[in-house]
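Asker: mmCIF, C-alpha atoms, saved as data.cif, coming up:
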```cif
data_target
#
loop_
_atom_site.group_PDB
_atom_site.id
_atom_site.type_symbol
_atom_site.label_atom_id
_atom_site.label_comp_id
_atom_site.auth_asym_id
_atom_site.auth_seq_id
_atom_site.Cartn_x
_atom_site.Cartn_y
_atom_site.Cartn_z
ATOM 1 C CA MET S 188 0.000 0.000 0.000
ATOM 2 C CA GLU S 189 1.225 3.477 -0.876
ATOM 3 C CA ARG S 190 1.972 5.642 2.105
ATOM 4 C CA PRO S 191 -0.543 8.512 2.213
ATOM 5 C CA LEU S 192 1.138 11.899 1.949
ATOM 6 C CA SER S 193 -0.124 15.291 3.049
ATOM 7 C CA PRO S 194 -1.802 17.302 1.488
ATOM 8 C CA PHE S 195 -3.512 14.389 -0.261
ATOM 9 C CA MET S 196 -4.943 12.784 2.888
ATOM 10 C CA PHE S 197 -8.336 14.231 2.167
ATOM 11 C CA PRO S 198 -10.881 12.847 1.213
ATOM 12 C CA ALA S 199 -9.539 9.297 0.760
ATOM 13 C CA TRP S 200 -7.996 8.930 4.233
ATOM 14 C CA TYR S 201 -9.915 11.351 6.393
ATOM 15 C CA ARG S 202 -13.686 11.431 6.627
ATOM 16 C CA PHE S 203 -15.293 14.661 5.499
ATOM 17 C CA GLN S 204 -15.421 17.336 8.181
ATOM 18 C CA ILE S 205 -16.658 20.849 7.599
ATOM 19 C CA GLY S 206 -13.708 22.353 9.503
ATOM 20 C CA SER S 207 -10.950 20.714 7.465
ATOM 21 C CA ALA S 208 -12.806 21.389 4.208
ATOM 22 C CA LEU S 209 -13.076 25.109 4.996
ATOM 23 C CA SER S 210 -9.447 25.164 6.138
ATOM 24 C CA ILE S 211 -8.091 23.991 2.789
ATOM 25 C CA LEU S 212 -10.610 26.241 1.044
ATOM 26 C CA HIS S 213 -9.097 29.193 2.924
ATOM 27 C CA ARG S 214 -5.704 28.394 1.423
ATOM 28 C CA LEU S 215 -7.102 27.743 -2.042
ATOM 29 C CA THR S 216 -9.030 31.037 -2.073
ATOM 30 C CA GLY S 217 -5.929 32.800 -0.729
ATOM 31 C CA ILE S 218 -3.855 31.443 -3.622
ATOM 32 C CA ALA S 219 -6.643 32.334 -6.082
ATOM 33 C CA LEU S 220 -6.829 35.882 -4.725
ATOM 34 C CA ALA S 221 -3.038 36.255 -4.985
ATOM 35 C CA ILE S 222 -3.289 35.225 -8.647
ATOM 36 C CA GLY S 223 -6.271 37.571 -9.017
ATOM 37 C CA SER S 224 -4.090 40.456 -7.819
ATOM 38 C CA ILE S 225 -2.355 40.213 -11.215
ATOM 39 C CA LEU S 226 -5.674 41.213 -12.792
ATOM 40 C CA LEU S 227 -6.058 44.026 -10.253
ATOM 41 C CA ALA S 228 -2.605 45.453 -11.029
ATOM 42 C CA TRP S 229 -3.275 45.011 -14.747
ATOM 43 C CA TRP S 230 -6.559 46.919 -14.506
ATOM 44 C CA LEU S 231 -4.929 49.802 -12.583
ATOM 45 C CA VAL S 232 -2.166 50.042 -15.178
ATOM 46 C CA ALA S 233 -4.749 49.861 -17.979
ATOM 47 C CA VAL S 234 -6.749 52.760 -16.502
ATOM 48 C CA ALA S 235 -3.529 54.796 -16.209
ATOM 49 C CA ALA S 236 -2.387 53.882 -19.726
ATOM 50 C CA GLY S 237 -5.763 54.280 -21.423
ATOM 51 C CA GLY S 238 -6.199 53.839 -25.185
ATOM 52 C CA ASP S 239 -6.212 50.368 -26.689
ATOM 53 C CA ILE S 240 -4.903 48.702 -23.530
ATOM 54 C CA PHE S 241 -7.900 49.884 -21.505
ATOM 55 C CA ALA S 242 -10.328 49.057 -24.317
ATOM 56 C CA ALA S 243 -8.979 45.494 -24.542
ATOM 57 C CA THR S 244 -9.015 45.074 -20.750
ATOM 58 C CA HIS S 245 -12.544 46.434 -20.494
ATOM 59 C CA ALA S 246 -13.738 44.151 -23.308
ATOM 60 C CA PHE S 247 -12.130 41.147 -21.607
ATOM 61 C CA LEU S 248 -13.700 41.943 -18.227
ATOM 62 C CA ALA S 249 -17.127 42.435 -19.840
ATOM 63 C CA SER S 250 -16.900 39.146 -21.759
ATOM 64 C CA PRO S 251 -18.526 35.979 -20.310
ATOM 65 C CA ILE S 252 -15.100 34.652 -19.238
ATOM 66 C CA GLY S 253 -14.268 37.979 -17.611
ATOM 67 C CA VAL S 254 -17.562 38.122 -15.715
ATOM 68 C CA LEU S 255 -17.095 34.499 -14.600
ATOM 69 C CA LEU S 256 -13.575 35.347 -13.337
ATOM 70 C CA LEU S 257 -14.870 38.397 -11.462
ATOM 71 C CA LEU S 258 -17.698 36.319 -9.976
ATOM 72 C CA ALA S 259 -15.227 33.665 -8.792
ATOM 73 C CA TRP S 260 -12.842 36.360 -7.543
ATOM 74 C CA SER S 261 -15.540 38.133 -5.537
ATOM 75 C CA ALA S 262 -16.802 34.878 -4.001
ATOM 76 C CA ALA S 263 -13.203 33.926 -3.104
ATOM 77 C CA PHE S 264 -12.684 37.398 -1.617
ATOM 78 C CA PHE S 265 -15.792 37.263 0.577
ATOM 79 C CA TYR S 266 -15.030 33.699 1.690
ATOM 80 C CA HIS S 267 -11.410 34.525 2.569
ATOM 81 C CA LEU S 268 -12.607 37.669 4.389
ATOM 82 C CA CYS S 269 -15.261 35.883 6.479
ATOM 83 C CA ASN S 270 -13.107 32.859 7.255
ATOM 84 C CA GLY S 271 -10.159 35.191 7.942
ATOM 85 C CA VAL S 272 -12.189 36.961 10.629
ATOM 86 C CA ARG S 273 -12.822 33.513 12.132
ATOM 87 C CA HIS S 274 -9.075 32.797 12.061
ATOM 88 C CA LEU S 275 -8.397 36.075 13.878
ATOM 89 C CA ALA S 276 -10.946 35.094 16.523
ATOM 90 C CA TRP S 277 -9.169 31.732 16.886
ATOM 91 C CA ASP S 278 -5.829 33.555 17.230
ATOM 92 C CA ALA S 279 -7.398 35.441 20.128
ATOM 93 C CA GLY S 280 -8.361 32.076 21.631
ATOM 94 C CA ARG S 281 -12.088 32.312 20.930
ATOM 95 C CA GLY S 282 -14.501 29.898 19.289
ATOM 96 C CA PHE S 283 -12.375 26.752 19.478
ATOM 97 C CA GLU S 284 -15.076 24.473 20.918
ATOM 98 C CA LEU S 285 -16.133 21.949 18.301
ATOM 99 C CA ARG S 286 -19.771 22.993 18.519
ATOM 100 C CA ASN S 287 -18.934 26.665 17.987
ATOM 101 C CA ALA S 288 -16.359 25.907 15.292
ATOM 102 C CA ASN S 289 -18.900 23.858 13.339
ATOM 103 C CA ARG S 290 -21.540 26.534 13.739
ATOM 104 C CA SER S 291 -19.219 29.331 12.614
ATOM 105 C CA SER S 292 -18.240 27.176 9.598
ATOM 106 C CA TYR S 293 -21.784 27.271 8.300
ATOM 107 C CA ALA S 294 -22.078 30.949 9.238
ATOM 108 C CA VAL S 295 -18.999 31.689 7.105
ATOM 109 C CA LEU S 296 -20.477 29.813 4.132
ATOM 110 C CA ALA S 297 -23.824 31.590 4.483
ATOM 111 C CA ALA S 298 -22.168 35.017 4.819
ATOM 112 C CA THR S 299 -20.063 34.325 1.715
ATOM 113 C CA VAL S 300 -23.134 33.519 -0.372
ATOM 114 C CA VAL S 301 -25.106 36.518 0.953
ATOM 115 C CA LEU S 302 -22.256 39.020 0.470
ATOM 116 C CA THR S 303 -21.457 37.740 -3.039
ATOM 117 C CA ILE S 304 -25.117 37.962 -4.093
ATOM 118 C CA LEU S 305 -25.441 41.441 -2.556
ATOM 119 C CA ALA S 306 -22.313 42.664 -4.367
ATOM 120 C CA TRP S 307 -23.556 41.412 -7.744
ATOM 121 C CA LEU S 308 -27.070 42.707 -7.181
ATOM 122 C CA THR S 309 -25.441 46.108 -6.610
ATOM 123 C CA VAL S 310 -23.498 45.784 -9.879
ATOM 124 C CA TRP S 311 -26.606 44.963 -11.855
ATOM 125 C CA LEU S 312 -28.950 47.423 -10.183
ATOM 126 C CA ILE S 313 -26.647 50.470 -10.394
ATOM 127 C CA MET R 123 16.577 32.303 40.434
ATOM 128 C CA ALA R 124 14.882 35.651 40.353
ATOM 129 C CA GLN R 125 12.758 36.028 37.287
ATOM 130 C CA LYS R 126 12.063 39.420 35.773
ATOM 131 C CA SER R 127 8.363 39.910 36.053
ATOM 132 C CA SER R 128 6.579 41.280 33.071
ATOM 133 C CA SER R 129 2.877 41.661 32.536
ATOM 134 C CA SER R 130 3.187 40.111 29.079
ATOM 135 C CA ASP R 131 5.307 37.109 30.064
ATOM 136 C CA SER R 132 2.236 34.906 30.033
ATOM 137 C CA THR R 133 1.693 35.464 26.340
ATOM 138 C CA ALA R 134 4.935 34.143 24.955
ATOM 139 C CA LEU R 135 3.915 34.546 21.319
ATOM 140 C CA ARG R 136 3.357 38.268 21.720
ATOM 141 C CA ASP R 137 6.416 39.252 23.719
ATOM 142 C CA GLU R 138 9.706 40.335 22.168
ATOM 143 C CA THR R 139 11.572 39.794 25.459
ATOM 144 C CA VAL R 140 10.374 36.217 25.620
ATOM 145 C CA LEU R 141 11.256 35.779 21.935
ATOM 146 C CA ARG R 142 14.861 36.738 22.635
ATOM 147 C CA ARG R 143 14.967 34.163 25.402
ATOM 148 C CA VAL R 144 13.590 31.534 23.027
ATOM 149 C CA ARG R 145 16.213 32.384 20.406
ATOM 150 C CA GLN R 146 19.020 31.232 22.672
ATOM 151 C CA LEU R 147 17.317 27.930 23.227
ATOM 152 C CA GLY R 148 16.431 26.985 19.705
ATOM 153 C CA SER R 149 15.000 27.685 16.355
ATOM 154 C CA ALA R 150 12.972 30.854 16.688
ATOM 155 C CA ARG R 151 14.040 32.789 13.617
ATOM 156 C CA GLY R 152 11.921 35.134 11.567
ATOM 157 C CA GLY R 153 8.711 33.159 12.016
ATOM 158 C CA LEU R 154 7.135 35.272 14.724
ATOM 159 C CA ARG R 155 7.540 38.532 12.804
ATOM 160 C CA GLU R 156 6.027 36.962 9.694
ATOM 161 C CA TRP R 157 3.165 35.499 11.730
ATOM 162 C CA GLN R 158 2.463 38.950 13.162
ATOM 163 C CA LEU R 159 2.751 40.594 9.732
ATOM 164 C CA GLN R 160 0.192 38.145 8.357
ATOM 165 C CA ARG R 161 -2.271 38.969 11.155
ATOM 166 C CA LYS R 162 -1.702 42.723 11.105
ATOM 167 C CA THR R 163 -2.138 42.943 7.338
ATOM 168 C CA ALA R 164 -5.226 40.699 7.658
ATOM 169 C CA VAL R 165 -6.806 43.119 10.132
ATOM 170 C CA ALA R 166 -5.924 46.101 7.908
ATOM 171 C CA LEU R 167 -7.351 44.362 4.838
ATOM 172 C CA ILE R 168 -10.819 43.984 6.392
ATOM 173 C CA PRO R 169 -11.759 47.695 6.023
ATOM 174 C CA LEU R 170 -9.414 48.305 3.053
ATOM 175 C CA GLY R 171 -10.682 45.289 1.117
ATOM 176 C CA LEU R 172 -14.335 46.109 1.791
ATOM 177 C CA TYR R 173 -13.743 49.729 0.750
ATOM 178 C CA PHE R 174 -11.973 48.724 -2.457
ATOM 179 C CA VAL R 175 -14.483 46.036 -3.456
ATOM 180 C CA ALA R 176 -17.423 48.350 -2.692
ATOM 181 C CA SER R 177 -15.807 50.964 -4.930
ATOM 182 C CA MET R 178 -15.125 48.402 -7.656
ATOM 183 C CA VAL R 179 -18.765 47.359 -7.579
ATOM 184 C CA ARG R 180 -19.632 50.923 -8.640
ATOM 185 C CA LEU R 181 -16.808 51.129 -11.186
ATOM 186 C CA ALA R 182 -17.293 47.673 -12.707
ATOM 187 C CA THR R 183 -19.302 48.890 -15.663
ATOM 188 C CA SER R 184 -17.791 52.356 -15.862
ATOM 189 C CA ASP R 185 -15.789 53.867 -18.709
ATOM 190 C CA ARG R 186 -12.138 54.861 -18.398
ATOM 191 C CA VAL R 187 -12.776 58.522 -17.555
ATOM 192 C CA THR R 188 -14.938 57.642 -14.538
ATOM 193 C CA ALA R 189 -12.423 55.080 -13.301
ATOM 194 C CA ALA R 190 -9.485 57.463 -13.857
ATOM 195 C CA GLN R 191 -11.276 60.284 -12.043
ATOM 196 C CA TRP R 192 -12.038 58.073 -9.065
ATOM 197 C CA LEU R 193 -8.496 56.615 -8.867
ATOM 198 C CA GLY R 194 -7.006 60.087 -9.291
ATOM 199 C CA SER R 195 -8.900 61.779 -6.463
ATOM 200 C CA PRO R 196 -6.878 62.075 -3.228
ATOM 201 C CA VAL R 197 -8.666 59.751 -0.806
ATOM 202 C CA PRO R 198 -9.338 56.848 -3.208
ATOM 203 C CA ALA R 199 -5.782 57.185 -4.592
ATOM 204 C CA MET R 200 -4.247 56.999 -1.124
ATOM 205 C CA LEU R 201 -6.498 54.169 0.089
ATOM 206 C CA THR R 202 -5.958 52.189 -3.137
ATOM 207 C CA ILE R 203 -2.180 52.475 -2.749
ATOM 208 C CA ILE R 204 -2.354 51.415 0.915
ATOM 209 C CA PHE R 205 -4.706 48.577 -0.068
ATOM 210 C CA VAL R 206 -2.426 47.256 -2.825
ATOM 211 C CA VAL R 207 0.747 47.436 -0.703
ATOM 212 C CA THR R 208 -0.967 45.722 2.249
ATOM 213 C CA LEU R 209 -2.467 43.138 -0.098
ATOM 214 C CA MET R 210 0.962 42.320 -1.538
ATOM 215 C CA ALA R 211 2.513 41.945 1.928
ATOM 216 C CA HIS R 212 -0.358 39.681 2.998
ATOM 217 C CA ALA R 213 -0.149 37.647 -0.218
ATOM 218 C CA VAL R 214 3.619 37.128 0.206
ATOM 219 C CA ALA R 215 3.174 36.016 3.834
ATOM 220 C CA GLY R 216 0.321 33.685 2.879
ATOM 221 C CA LEU R 217 1.993 32.156 -0.178
ATOM 222 C CA ARG R 218 5.203 31.694 1.808
ATOM 223 C CA SER R 219 3.350 29.772 4.500
ATOM 224 C CA VAL R 220 1.920 27.498 1.793
ATOM 225 C CA LEU R 221 5.375 27.043 0.214
ATOM 226 C CA LEU R 222 6.964 26.280 3.594
ATOM 227 C CA ASP R 223 4.404 23.510 4.128
ATOM 228 C CA TYR R 224 4.682 21.820 0.750
ATOM 229 C CA VAL R 225 8.142 22.581 -0.697
ATOM 230 C CA HIS R 226 10.685 20.448 1.083
ATOM 231 C CA THR R 227 13.806 21.056 -0.990
ATOM 232 C CA ARG R 228 15.876 24.027 0.184
ATOM 233 C CA ALA R 229 16.852 25.154 -3.336
ATOM 234 C CA ARG R 230 13.282 24.963 -4.660
ATOM 235 C CA LEU R 231 12.021 26.850 -1.634
ATOM 236 C CA VAL R 232 14.513 29.671 -2.178
ATOM 237 C CA VAL R 233 13.592 29.920 -5.875
ATOM 238 C CA ALA R 234 9.838 29.870 -5.195
ATOM 239 C CA ASP R 235 10.263 32.432 -2.420
ATOM 240 C CA LEU R 236 12.199 34.780 -4.697
ATOM 241 C CA LEU R 237 9.600 34.381 -7.459
ATOM 242 C CA VAL R 238 6.739 35.195 -5.092
ATOM 243 C CA ARG R 239 8.535 38.224 -3.653
ATOM 244 C CA GLY R 240 9.597 39.416 -7.115
ATOM 245 C CA ALA R 241 6.075 39.090 -8.517
ATOM 246 C CA ALA R 242 4.646 40.979 -5.523
ATOM 247 C CA MET R 243 7.249 43.736 -6.019
ATOM 248 C CA VAL R 244 6.434 44.124 -9.722
ATOM 249 C CA LEU R 245 2.645 44.044 -9.227
ATOM 250 C CA GLY R 246 2.806 46.360 -6.221
ATOM 251 C CA TRP R 247 5.052 48.960 -7.838
ATOM 252 C CA ALA R 248 3.144 48.840 -11.139
ATOM 253 C CA SER R 249 -0.114 49.507 -9.251
ATOM 254 C CA VAL R 250 1.403 52.310 -7.148
ATOM 255 C CA LEU R 251 2.896 54.020 -10.215
ATOM 256 C CA ALA R 252 -0.396 53.691 -12.113
ATOM 257 C CA VAL R 253 -2.379 55.319 -9.296
ATOM 258 C CA LEU R 254 0.298 58.003 -8.804
ATOM 259 C CA LYS R 255 0.172 58.821 -12.508
ATOM 260 C CA LEU R 256 -3.610 59.259 -12.361
ATOM 261 C CA PHE R 257 -3.334 61.338 -9.184
ATOM 262 C CA LEU R 258 -0.604 63.634 -10.538
ATOM 263 C CA ALA R 259 -2.378 64.065 -13.897
ATOM 264 C CA ARG R 260 -5.633 65.369 -12.449
#
```
Starting from the file, lay out its structure as structure tokens.
Answerer:
Amino acid sequence: MERPLSPFMFPAWYRFQIGSALSILHRLTGIALAIGSILLAWWLVAVAAGGDIFAATHAFLASPIGVLLLLAWSAAFFYHLCNGVRHLAWDAGRGFELRNANRSSYAVLAATVVLTILAWLTVWLI
Amino acid sequence: MAQKSSSSDSTALRDETVLRRVRQLGSARGGLREWQLQRKTAVALIPLGLYFVASMVRLATSDRVTAAQWLGSPVPAMLTIIFVVTLMAHAVAGLRSVLLDYVHTRARLVVADLLVRGAAMVLGWASVLAVLKLFLAR
């Protein structure tokens, strides 16, 4: 039998738990947001440069792929924000009890969905 | 042995004096500072991130002139620069903690670390210069 190696212990070796799933999701969204910061820097430079560069950037962001990227980026942002607040509470020694940790897990997921929907409603309604 | 009493001795992770004591005993290198940087930038990014994303929500469908005017006005320009710099510091700390967990070869770790820091430098400075250009051109 192959020796199981981290980070590939999950889901084959560990049973699903909401806490561990959200933990790895925090890292994944963090990495995704770091990659997304390339787009942020690009957009700022495009606004400063103007002309064809901005036109191309704007067209890309307004395209279906661009909107999908922005949707994923905003969801990742709100998740990382909400779960990050939870991490800061843990750093302060609060909310470690399994019951509370499980509860706050679902609260984080719910807040992510609500904030993402609110943000996009704002985009479409304005 | 008389021990110097300090109100913060009980919280070893937060006390520089205790850190110095730990250094003599073993491997406490730059980790604490980076841990603190990650938390401090995280706290700063809560208001900064919300401010920036809320602004982007309004600018998402805007033309270049509107975006340039917003980025060029003093408060948004300053907050955007602070946001980007803090974001880059937080991203470097976060990506480094991922690399430290999963990259086990010293040489690969050094290369990956340099790439992450270099990319953050380029993206950060490009963003700062772009906002400065818009601010100075108004």
Asker: Distance limit 7 Å, atoms considered: only C-alpha atoms. Which chain S residues sit that close to chain R? Return them as a PyMOL selection string.
Answerer: chain S and resi 218+221+225+228+231-232+234-235+268+306+309-310
Asker: Go ahead and dump the residues you just picked, C-alpha atoms, as a short mmCIF file (atom, residue, chain, number, x, y, z; two decimals), in the frame of the given file.
Answerer:
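File written: part.cif
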```cif
data_model
loop_
_atom_site.label_atom_id
_atom_site.label_comp_id
_atom_site.auth_asym_id
_atom_site.auth_seq_id
_atom_site.Cartn_x
_atom_site.Cartn_y
_atom_site.Cartn_z
CA ILE S 218 -3.86 31.44 -3.62
CA ALA S 221 -3.04 36.26 -4.99
CA ILE S 225 -2.36 40.21 -11.22
CA ALA S 228 -2.60 45.45 -11.03
CA LEU S 231 -4.93 49.80 -12.58
CA VAL S 232 -2.17 50.04 -15.18
CA VAL S 234 -6.75 52.76 -16.50
CA ALA S 235 -3.53 54.80 -16.21
CA LEU S 268 -12.61 37.67 4.39
CA ALA S 306 -22.31 42.66 -4.37
CA THR S 309 -25.44 46.11 -6.61
CA VAL S 310 -23.50 45.78 -9.88
#
```
Asker: State, in Å with one decimal place, the distance from atom CA of Val254 of chain S to atom CA of Asn270 of chain S.
Answerer: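 Rounded to one decimal, the two atoms are 24.0 Å apart.
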Asker: I'd like to know which of S:Leu312, S:Ala297, S:Ala288, S:Leu275 is closest to Ile205 of chain S, using only C-alpha atoms.
Answerer: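 Of S:Leu312, S:Ala297, S:Ala288, S:Leu275, the one nearest Ile205 of chain S, counting only C-alpha atoms, is S:Ala288.
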Asker: Distance atom CA of Gln204 of chain S-atom CA of His274 of chain S, one decimal place?
Answerer: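 Rounded to one decimal, the two atoms are 17.2 Å apart.
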Asker: Carefully work through the PyMOL selection byres ((chain S and resi 292-294) around 9) for this structure and note down the residues it includes, as a compact mmCIF listing (two decimals) with C-alpha atoms, in the coordinates of the input.
Answerer:
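File produced: out-v2.txt:
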```txt
# COMPACT_ATOMS: atom_id res chain seq x y z
CA ILE S 205 -16.66 20.85 7.60
CA GLY S 206 -13.71 22.35 9.50
CA LEU S 209 -13.08 25.11 5.00
CA CYS S 269 -15.26 35.88 6.48
CA ASN S 270 -13.11 32.86 7.26
CA ARG S 273 -12.82 33.51 12.13
CA ASN S 287 -18.93 26.66 17.99
CA ALA S 288 -16.36 25.91 15.29
CA ASN S 289 -18.90 23.86 13.34
CA ARG S 290 -21.54 26.53 13.74
CA SER S 291 -19.22 29.33 12.61
CA VAL S 295 -19.00 31.69 7.10
CA LEU S 296 -20.48 29.81 4.13
CA ALA S 297 -23.82 31.59 4.48
CA ALA S 298 -22.17 35.02 4.82
CA THR S 299 -20.06 34.33 1.72
```
Asker: Could you list, as a list in words, every residue within 10 Å of Leu248 of chain S, counting all atoms listed in the file and ignoring same-chain residues fewer than 5 positions away?
Answerer: Leu226, Trp230, Ala242, Ala243, Gly253, Val254, Leu255, Leu256 and Leu257 of chain S; Ala182 and Thr183 of chain R
Asker: One number please: atom CA of Ser195 of chain R to atom CA of Arg260 of chain R, in Å, one decimal.
Answerer: 7.7 Å
Asker: Edge lengths and centre in Å to one decimal, as JSON, of the axis-aligned box that encloses all listed atoms of segment 229-238 of chain R with 5 Å added on every side?
Answerer:
```
{"center_x": 11.8, "center_y": 30.1, "center_z": -4.5, "size_x": 20.1, "size_y": 20.2, "size_z": 15.8}
```
Asker: Can you pull out every residue within 8 Å of Ala211 of chain R, counting all atoms listed in the file, but drop anything in the same chain fewer than 5 positions away, and send it as a list in words?
Answerer: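 The residues that qualify are Leu159, Gln160, Thr163 and Ala242 of chain R.
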Asker: Regenerate segment 229-246 of chain S at the level of N, CA and C atoms and dump it as an mmCIF file, in the frame of the given file.
Answerer:
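result.cif, written as the output of this step:
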```
data_model
loop_
_atom_site.group_PDB
_atom_site.id
_atom_site.type_symbol
_atom_site.label_atom_id
_atom_site.label_comp_id
_atom_site.auth_asym_id
_atom_site.auth_seq_id
_atom_site.Cartn_x
_atom_site.Cartn_y
_atom_site.Cartn_z
ATOM 1 N N TRP S 229 -3.104 44.794 -13.307
ATOM 2 C CA TRP S 229 -3.275 45.011 -14.747
ATOM 3 C C TRP S 229 -4.339 46.066 -15.015
ATOM 4 N N TRP S 230 -5.462 45.975 -14.302
ATOM 5 C CA TRP S 230 -6.559 46.919 -14.506
ATOM 6 C C TRP S 230 -6.121 48.342 -14.130
ATOM 7 N N LEU S 231 -5.405 48.475 -12.996
ATOM 8 C CA LEU S 231 -4.929 49.802 -12.583
ATOM 9 C C LEU S 231 -4.003 50.396 -13.636
ATOM 10 N N VAL S 232 -3.092 49.573 -14.143
ATOM 11 C CA VAL S 232 -2.166 50.042 -15.178
ATOM 12 C C VAL S 232 -2.939 50.409 -16.442
ATOM 13 N N ALA S 233 -3.962 49.603 -16.774
ATOM 14 C CA ALA S 233 -4.749 49.861 -17.979
ATOM 15 C C ALA S 233 -5.499 51.185 -17.878
ATOM 16 N N VAL S 234 -6.055 51.478 -16.685
ATOM 17 C CA VAL S 234 -6.749 52.760 -16.502
ATOM 18 C C VAL S 234 -5.759 53.915 -16.675
ATOM 19 N N ALA S 235 -4.542 53.741 -16.111
ATOM 20 C CA ALA S 235 -3.529 54.796 -16.209
ATOM 21 C C ALA S 235 -3.044 54.951 -17.647
ATOM 22 N N ALA S 236 -2.919 53.834 -18.364
ATOM 23 C CA ALA S 236 -2.387 53.882 -19.726
ATOM 24 C C ALA S 236 -3.452 54.356 -20.718
ATOM 25 N N GLY S 237 -4.682 53.893 -20.526
ATOM 26 C CA GLY S 237 -5.763 54.280 -21.423
ATOM 27 C C GLY S 237 -5.621 53.676 -22.810
ATOM 28 N N GLY S 238 -6.317 54.266 -23.788
ATOM 29 C CA GLY S 238 -6.199 53.839 -25.185
ATOM 30 C C GLY S 238 -6.614 52.401 -25.409
ATOM 31 N N ASP S 239 -5.867 51.730 -26.294
ATOM 32 C CA ASP S 239 -6.212 50.368 -26.689
ATOM 33 C C ASP S 239 -6.095 49.383 -25.529
ATOM 34 N N ILE S 240 -5.102 49.622 -24.655
ATOM 35 C CA ILE S 240 -4.903 48.702 -23.530
ATOM 36 C C ILE S 240 -6.143 48.669 -22.651
ATOM 37 N N PHE S 241 -6.698 49.862 -22.342
ATOM 38 C CA PHE S 241 -7.900 49.884 -21.505
ATOM 39 C C PHE S 241 -9.081 49.275 -22.240
ATOM 40 N N ALA S 242 -9.213 49.594 -23.528
ATOM 41 C CA ALA S 242 -10.328 49.057 -24.317
ATOM 42 C C ALA S 242 -10.306 47.535 -24.322
ATOM 43 N N ALA S 243 -9.110 46.959 -24.515
ATOM 44 C CA ALA S 243 -8.979 45.494 -24.542
ATOM 45 C C ALA S 243 -9.289 44.909 -23.171
ATOM 46 N N THR S 244 -8.775 45.552 -22.115
ATOM 47 C CA THR S 244 -9.015 45.074 -20.750
ATOM 48 C C THR S 244 -10.497 45.126 -20.412
ATOM 49 N N HIS S 245 -11.122 46.254 -20.772
ATOM 50 C CA HIS S 245 -12.544 46.434 -20.494
ATOM 51 C C HIS S 245 -13.366 45.385 -21.240
ATOM 52 N N ALA S 246 -13.014 45.133 -22.505
ATOM 53 C CA ALA S 246 -13.738 44.151 -23.308
ATOM 54 C C ALA S 246 -13.585 42.752 -22.703
#
```
